[in-house]
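What follows is a set of notes on a single structure, which appears directly below.
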Amino acid sequence: MLNKSMFIKPRNALEGEGGQKAQPSIPDALCRACPACRATAFSKDLEENGLVCPHCGHHLRMDVQSRLRLLVDEGSFTELFADLETKNPIQFPEYEKKLAAARKATGRADGVVCGIGRIGGFETAIFVMDPQFMMGSMGTVVGEKITRTFETAAARSLPVVGVTVSGGARIQEGIFSLMQMAKTSGAVLRHSQAGNLYIALLTDPTTGGVTASFAMEADVILAEPGALIGFAGPRVIEQTIRAKLPEGFQRAEFLLEKGFVDRIVPRSEQKKTISALLGLHERRSMA
Amino acid sequence: MTAYERLCAARAKGRPTARSFIDNLFEGFMELHGDRLFGDDRAIVGGVARLEGRPVTVIGIEKGQDTSEKIARNFGSPNPEGYRKALRLMEQAEKFNRPVVCFVDTAGAYCGLGAEERGQGSAIATNLVRMMGLRTPVLSVLIGEGGSGGALALAVADEVWMLENAVYSVISPEGAASIIYKDASQVERAAESLHITAQELAGFGVVERVIPEAEGFEAVYRDLKGALGTALDRLKQMDAQALTDARYLRFRKFGGLLE
Ligand SMILES: [Zn+2]
């Protein structure tokens, strides 16, 4: 069950562009245009800058390995539950094909990486959702792995640090996808009732059933600058109200103003901020 | 009946809404309003009543019957303040040791500007967590449409029951058709593939009881009234820890994958 996973370098920087179609041509692998300001930067420089545009500060979507490298102390991460695979619970037509493509693209069985590692020296349970695996949608495997992460953390009196990114439900798992919202919420509650800390870092985009469950249930909710965070996606809202949404609607800065996130933390500050919070909530060992 | 036919029945004009269930099952319903934070969402009706003498808290998502009532009730799509009102009433029930009965009938939580501004996601998430830990019995009955997270926010319960022609789904078949099949006209196919009917969901263990509709709604009310009384008496026997443990395990089992 334990699966030591070292930090594997992405094959090329384009793997960091979750939710957007990769264009694996050679110039793109060397250079990338910022989706916000269109300025071009060398992929190598972008990576060294934590996938933050050096011109405008836009936070590009980040793959799981880069995220773990950014947050977790080098060599300290042990992945858990990596082999869990969905049983295609409602036998949804064509789902196996979609899964096979996502597995091939990411090298992972499903859309979240969980484990135990150290952040700033503090041992913590960690989950990082994968924007490249069916847009971070939550099915039974994502729900089960996150639930087990909270259960493991509760059993070992460890905090949980979770990085969310999700387009919402895994439609192909139907009602079982919906039930993961209740299941993960129960696991968060039990971990919380034992006095353990949970920090969520909401990244672009965090929507749907993930927002309406564990993303919004943390003791401290952090968000990346500019991240889209909401229950309904912008297109659904525009269809409902038959109007264009105002600039900045559902962005992290908007949620901060409305009182739904604690802090907006740029990538350069994330490890420091999370480490400080972990330090403030350190639990004395029973020994 | 096909899944699509049941979907149509669940949405049919004139189908009894939450208020009819409340009036026909309970005595002396007294509505209690407001979330104490922002306002009173008329898409959710809640209050106190008696079930054959037993004090209960009753909460229902109400779509409304005629056009003006439908508009006033936002067609049964709650805003965050509705979910927060429901939670306030559930926590009041916990304090006074009375069980909670919820009636669920919604196309989904409202997807509007105000709903997002006031934290729809946060409101639903908070209900899921707090209901999971509620130290009093909760029983939810899906009476029409069970639309995704907006329905689940009143259905983290010790038992979930469904009327024969109610549906419960992670996404509307229309939404699934346009996202998966890129073709909004594929609703019937999507309804079939999503497994949204009471019979199928009972097979998955997502609902404990299916209430037949064949003999009309008078029979439905009679069946429900008897079954609710028995179930609440049984759940009341459990101590709060055993009750909340069982509630967690009820949901924990979904997608409990073996390696
Ligand atoms: Zn830029």
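As shown in the structure tokens, the chain order sets the letters A, B, ...; within each chain, residues go from 1, and ligands are also counted from 1 in the order they appear.
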query = DSSP on the backbone: what in region 71-139 of chain A comes out strand (DSSP E or B), as number ranges by chain?
reply = A: 78-80, 112-119, 122-129, 138
Ligand 1 neighbours within 10 Å using only C-alpha atoms and all ligand atoms, as an MDAnalysis selection string = chainID A and resid 33:41 52:60
request  = Give as an NGL selection string every residue of chain B that touches chain A within 8 Å, counting only C-alpha atoms.
outcome  = :B and (111-113 or 116-126 or 128-129 or 132-133 or 148-149 or 152 or 156 or 168-171 or 176 or 193-196 or 248 or 251-252 or 254-259)
request  = Identify, on the basis of only C-alpha atoms, every residue whose closest approach to Val265 (chain A) does not exceed 8 Å; exclude the query and any residue fewer than 4 positions from it along the same chain; express the result as an MDAnalysis selection string.
outcome  = chainID A and resid 222:225 269:270 273
request  = For Asp262 (chain A), list every protein, DNA or RNA residue within 7 Å, evaluated using only C-alpha atoms, and leave out those in the same chain fewer than 3 positions away; present the list as JSON, numbers by chain.
outcome  = {"A": [220, 221, 222, 256]}
Output for the residues just chosen: C-alpha atoms as a JSON list (two decimals), in the first residue's frame:
```json
[["chain", "number", "residue", "atom", "x", "y", "z"],
["A", 220, "VAL", "CA", -7.98, 28.09, 7.65],
["A", 221, "ILE", "CA", -8.89, 28.66, 4.00],
["A", 222, "LEU", "CA", -6.10, 30.07, 1.82],
["A", 256, "LEU", "CA", -11.80, 37.52, 0.47]]
```
query = Which residue gives the smallest distance to Gly111 (chain A) among A:Gly248, A:Ala155, A:Phe42, A:Gly168, with only C-alpha atoms counted?
reply = A:Gly168
task = Once DSSP has gone over the backbone, tell me which residues of region 179-235 of chain B are in alpha helix (DSSP H), as a PyMOL selection string.
result = chain B and resi 179-180+187-194+198-204+217-235
Considering only C-alpha atoms, return as an mmCIF file with N, CA, C and O atoms, in the first residue's frame whatever protein or nucleic-acid residues lie within 10 Å of Gln65 (chain B), sequence-local ones (same chain, fewer than 5 positions apart) excluded.
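The resulting file, selection_14.cif, is reproduced below:
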```
data_model
loop_
_atom_site.group_PDB
_atom_site.id
_atom_site.type_symbol
_atom_site.label_atom_id
_atom_site.label_comp_id
_atom_site.auth_asym_id
_atom_site.auth_seq_id
_atom_site.Cartn_x
_atom_site.Cartn_y
_atom_site.Cartn_z
ATOM 1 N N LYS B 13 -46.440 19.267 -13.167
ATOM 2 C CA LYS B 13 -47.285 20.319 -12.620
ATOM 3 C C LYS B 13 -48.354 19.643 -11.747
ATOM 4 O O LYS B 13 -48.920 18.624 -12.127
ATOM 5 N N GLY B 14 -48.609 20.212 -10.578
ATOM 6 C CA GLY B 14 -49.648 19.664 -9.726
ATOM 7 C C GLY B 14 -49.178 18.562 -8.792
ATOM 8 O O GLY B 14 -49.933 18.116 -7.931
ATOM 9 N N ARG B 15 -47.945 18.093 -8.962
ATOM 10 C CA ARG B 15 -47.426 17.095 -8.017
ATOM 11 C C ARG B 15 -47.330 17.756 -6.643
ATOM 12 O O ARG B 15 -46.876 18.900 -6.531
ATOM 13 N N PRO B 16 -47.761 17.044 -5.589
ATOM 14 C CA PRO B 16 -47.706 17.656 -4.257
ATOM 15 C C PRO B 16 -46.287 18.095 -3.892
ATOM 16 O O PRO B 16 -45.315 17.395 -4.188
ATOM 17 N N THR B 17 -46.185 19.276 -3.314
ATOM 18 C CA THR B 17 -44.887 19.822 -2.904
ATOM 19 C C THR B 17 -44.739 19.675 -1.384
ATOM 20 O O THR B 17 -45.644 19.176 -0.706
ATOM 21 N N ARG B 19 -44.995 21.423 1.232
ATOM 22 C CA ARG B 19 -46.028 21.917 2.136
ATOM 23 C C ARG B 19 -47.196 20.932 2.275
ATOM 24 O O ARG B 19 -47.752 20.760 3.359
ATOM 25 N N SER B 20 -47.540 20.238 1.176
ATOM 26 C CA SER B 20 -48.619 19.244 1.246
ATOM 27 C C SER B 20 -48.233 18.083 2.157
ATOM 28 O O SER B 20 -49.062 17.570 2.908
ATOM 29 N N LYS B 70 -44.711 30.096 -6.972
ATOM 30 C CA LYS B 70 -43.446 29.556 -7.517
ATOM 31 C C LYS B 70 -42.389 30.645 -7.586
ATOM 32 O O LYS B 70 -41.226 30.421 -7.234
ATOM 33 N N ILE B 71 -42.796 31.817 -8.034
ATOM 34 C CA ILE B 71 -41.850 32.925 -8.133
ATOM 35 C C ILE B 71 -41.364 33.329 -6.743
ATOM 36 O O ILE B 71 -40.163 33.476 -6.506
ATOM 37 N N ARG B 73 -41.122 31.575 -4.217
ATOM 38 C CA ARG B 73 -40.276 30.522 -3.634
ATOM 39 C C ARG B 73 -39.083 30.186 -4.528
ATOM 40 O O ARG B 73 -38.416 29.171 -4.332
ATOM 41 N N PHE B 75 -38.865 28.915 -7.289
ATOM 42 C CA PHE B 75 -39.022 27.600 -7.921
ATOM 43 C C PHE B 75 -38.300 26.485 -7.139
ATOM 44 O O PHE B 75 -37.874 25.489 -7.710
#
```
message = Neighbouring residues of region 119-122 of chain A were defined as those with any atom within 6 Å, considering only C-alpha atoms; residues of the same chain fewer than 2 positions away were excluded. Please report them as a ChimeraX atom specification.
response = /A:72-73,275
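Taking only C-alpha atoms into account, Asn24 (chain B) lies nearest to B:Leu224 out of the set B:Val138, B:Leu201, B:Ala246, B:Leu224.
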ask   = If we count only C-alpha atoms, what is near Met30 (chain B) at a cut-off of 7 Å, once residues fewer than 4 positions away on the same chain are taken out, given as a ChimeraX atom specification?
value = /B:47-49
ask   = Interatomic distance between CA of Asp23 (chain B) and CA of Tyr110 (chain B)?
value =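 These atoms are spaced 25.6 Å apart.
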